[in-house]
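Have a look at the structure below before the remarks.
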Amino acid sequence: MQTRKLPSIPIALLPIVVLVIMALVSITVWDIGMLIPLMTAIAVAVLVGKSLGYTWHELEQSLADGVSRALPAVFILFLIGTIIGTWIEGGLIPTIIYYGLTAISPSIFLALACLVPAVVSLVLGSSLTTIATVGIAFMAIGEGMGFPAAIVAGAVISGSFFGDKLSPLSDTTNLAAAMGGVKLFDHIRHMLWDTIPALLISAILFWVIGGTISAKSTPDTEHLQTLLTGLDAQFVIHPALLIVPVVAISLMLLKMPALPTLLLVSLLGGATALFVQGSSFTDVLQAMSSGYSSDTGVEFLDSLLSRGGIDAILGTIALVIIATALGGILEKTGAFKVVVGTLISRIKRPGSMVAGSLGAGFAVAFASGEQYVSILLPARAFLEPYKKMGLSPLNLTRTAEAAGTVGINLVPWSVPAVFAAGVFGMPAVEFIPFIFFAFLVPIINLIYAYTGFTIKRVAPSENKTLVNA
């Protein structure tokens, strides 16, 4: 069996450096999105692989292996596209927007735009579903109240990823616990120390910002009334429609598998469109396929509600596939192993070990843009070093989620950031500075790492028992 060479540090970092440079130029100069930068990084990674002695077949297989990890997420994205379309066609999102505009006070709006998605995502276990439903509603409500769209998006994303990190129904939460070999609810309890403070601080920041904005601005009642009139003219608006989101949440609480649950949620929207809004069967299928086309006559409302469908999600799916393909080839060629291994070899103290695993998670996030890879690879690499240093794997699974589940939102070309950019209709770089939760969770973990607060230690003899728990 032929032995493959491991790349040197500069060679291992080359595809990542190319990606970061290309991404920055793409965002600031070319405005061509992330497909070309990612494809360029893959081309560089392939050349690196060839120089290390890998065959074309092996490199092609590594790309396929990387993409295979993304297939569950791809099918979920397809269904989310249909949910957005049917929930708008069925008047569900318009109804939430309508009552939100009439019931929410501007002074507390931004705080609620963070806290409500936090509750919804905790129940659903899905940040993307929360963003695609409740998030769209809050964007419209924010527009009606005169709040900058980027700040509202930051609040919604902050809340949405609270549940993605903490919910027992979340795939990333389960993945992190499995990779660390710890019990799921032990993992969740240990994450309360960073997740709860980060959410509370985020909500307070949004409350202060929201109060400041509302105090300095005069509500545009004419614009608000225009939005309400536009919604009322195009949709049947009734409080009873709010039962459908409640039923959808109840279905998810039954802990059914994600794909059939999301399909049922999409069909609920379609049924509402047929029997309440008077849409035809063709209208529903078109909303699922190519999205809903709004014609209220209100420009902002039409641009916000004209979305959804499988067609609209294809760009995000392309990015998911290419990003995970890049992650697959970087793992195959040993680039991740070399970079992380070099980092681990230089760590001598427990605090630096925890901080190092957090940094490794961000490195993988910048290189791959994908949550699963950003959790899986650092957790694999650091598990044994954690045990040797007498650190509980619970600390590792917490930092893995801090970077791979939440912190990855700070990467403009990451799957979550690109998805949110597509749903909200704005570049990711505009709302990233306002995702306070994504900044605070890693910062809190760094504080814990170097102060030792909440860092759980175990005797070397206990490690094996804990890992097999």
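Letters for chains follow the order of the structure tokens (A, B, ...), residue numbers begin at 1 for each chain, and ligand numbers begin at 1 in the order shown.
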
Using only C-alpha atoms, which residues sit within 12 Å of segment 30-40 of chain A once same-chain residues fewer than 5 positions away are excluded, as an mmCIF file with C-alpha atoms, in the first residue's frame?
```
data_model
loop_
_atom_site.group_PDB
_atom_site.id
_atom_site.type_symbol
_atom_site.label_atom_id
_atom_site.label_comp_id
_atom_site.auth_asym_id
_atom_site.auth_seq_id
_atom_site.Cartn_x
_atom_site.Cartn_y
_atom_site.Cartn_z
ATOM 1 C CA LEU A 14 -2.261 27.169 0.890
ATOM 2 C CA PRO A 15 -5.847 26.245 -0.164
ATOM 3 C CA ILE A 16 -7.235 27.985 2.940
ATOM 4 C CA VAL A 17 -5.210 31.150 2.324
ATOM 5 C CA VAL A 18 -6.305 31.184 -1.339
ATOM 6 C CA LEU A 19 -9.933 30.794 -0.262
ATOM 7 C CA VAL A 20 -9.769 33.637 2.258
ATOM 8 C CA ILE A 21 -8.031 35.999 -0.196
ATOM 9 C CA MET A 22 -10.407 35.158 -3.043
ATOM 10 C CA ALA A 23 -13.413 35.497 -0.728
ATOM 11 C CA LEU A 24 -12.330 38.918 0.507
ATOM 12 C CA VAL A 25 -11.740 40.194 -3.030
ATOM 13 C CA ALA A 45 -6.256 21.590 -2.943
ATOM 14 C CA VAL A 46 -6.317 19.115 -5.842
ATOM 15 C CA LEU A 47 -2.889 20.312 -7.011
ATOM 16 C CA LEU A 63 -14.683 15.253 -3.014
ATOM 17 C CA GLY A 315 -27.788 28.590 -5.015
ATOM 18 C CA THR A 316 -27.422 27.790 -1.333
ATOM 19 C CA ILE A 317 -27.373 24.067 -2.083
ATOM 20 C CA ALA A 318 -24.593 24.612 -4.634
ATOM 21 C CA LEU A 319 -22.526 26.339 -1.968
ATOM 22 C CA VAL A 320 -23.194 23.541 0.523
ATOM 23 C CA ILE A 321 -22.034 20.929 -1.974
ATOM 24 C CA ILE A 322 -18.876 22.791 -2.997
ATOM 25 C CA ALA A 323 -17.922 23.784 0.559
ATOM 26 C CA THR A 324 -18.255 20.234 1.849
ATOM 27 C CA ALA A 325 -16.351 18.917 -1.183
ATOM 28 C CA LEU A 326 -13.483 21.238 -0.231
ATOM 29 C CA GLY A 327 -13.649 19.970 3.342
ATOM 30 C CA PHE A 366 -13.178 29.403 7.468
ATOM 31 C CA ALA A 367 -11.797 26.598 5.288
ATOM 32 C CA SER A 368 -14.987 24.608 4.742
ATOM 33 C CA GLY A 369 -17.889 26.922 5.615
ATOM 34 C CA VAL A 411 -17.775 33.512 8.059
ATOM 35 C CA PRO A 412 -19.448 35.286 5.092
ATOM 36 C CA TRP A 413 -19.155 32.234 2.823
ATOM 37 C CA SER A 414 -20.389 29.713 5.377
ATOM 38 C CA VAL A 415 -23.570 27.764 4.694
ATOM 39 C CA ALA A 417 -24.513 32.972 6.488
ATOM 40 C CA VAL A 418 -25.194 32.351 2.803
ATOM 41 C CA ALA A 421 -28.312 36.231 3.063
ATOM 42 C CA GLY A 422 -30.541 34.515 0.505
ATOM 43 C CA MET A 426 -28.835 41.205 1.592
ATOM 44 C CA PRO A 427 -25.094 40.422 1.610
ATOM 45 C CA ALA A 428 -23.918 38.496 4.661
ATOM 46 C CA VAL A 429 -21.272 41.120 5.451
#
```

Item to check | DSSP alpha helix (DSSP H) residues within segment 46-205 of chain A, as JSON, numbers by chain | outcome: {"A": [46, 47, 48, 49, 50, 51, 56, 57, 58, 59, 60, 61, 62, 63, 64, 65, 66, 67, 68, 71, 72, 73, 74, 75, 76, 77, 78, 79, 80, 81, 82, 83, 84, 85, 86, 87, 88, 89, 92, 93, 94, 95, 96, 97, 98, 99, 100, 101, 102, 103, 106, 107, 108, 109, 110, 111, 112, 113, 114, 115, 116, 117, 118, 119, 120, 121, 122, 123, 124, 127, 128, 129, 130, 136, 137, 138, 139, 140, 141, 142, 143, 144, 145, 149, 150, 151, 152, 153, 154, 155, 156, 157, 158, 159, 160, 161, 162, 163, 164, 165, 166, 171, 172, 173, 174, 175, 176, 177, 178, 179, 180, 184, 185, 186, 187, 188, 189, 190, 191, 192, 193, 194, 195, 196, 197, 198, 199, 200, 201, 202, 203, 204, 205]}

Item to check | 12 Å contact set for Leu263 of chain A, only C-alpha atoms, chain neighbours under 3 positions out, as a PyMOL selection string | outcome: chain A and resi 75-84+86+248+251-252+256-260+266-270+288

Item to check | Long-range neighbours of Trp87 of chain A as a PyMOL selection string, 12 Å cut-off, only C-alpha atoms, 2 positions minimum in chain | outcome: chain A and resi 79-85+89-96+129+132-134+136-137+235+241-242+244-245+248+264-274+277+284+287-288+291-292+305-309

Could you pull the residues within 7 Å of Ile131 of chain A, counting only C-alpha atoms, minus those fewer than 6 positions along the same chain, as a PDB file with N, CA and C atoms, in the first residue's frame?
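New file around35.pdb:
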```
ATOM      1  N   VAL A 156     -32.434  38.313  14.636  1.00  0.00           N
ATOM      2  CA  VAL A 156     -33.111  37.060  14.297  1.00  0.00           C
ATOM      3  C   VAL A 156     -32.124  35.893  14.273  1.00  0.00           C
ATOM      4  N   ILE A 157     -30.979  36.101  13.645  1.00  0.00           N
ATOM      5  CA  ILE A 157     -29.976  35.033  13.545  1.00  0.00           C
ATOM      6  C   ILE A 157     -29.422  34.693  14.928  1.00  0.00           C
ATOM      7  N   SER A 160     -32.005  32.562  16.548  1.00  0.00           N
ATOM      8  CA  SER A 160     -32.215  31.290  15.850  1.00  0.00           C
ATOM      9  C   SER A 160     -31.135  30.272  16.176  1.00  0.00           C
TER      10      SER A 160
END
```
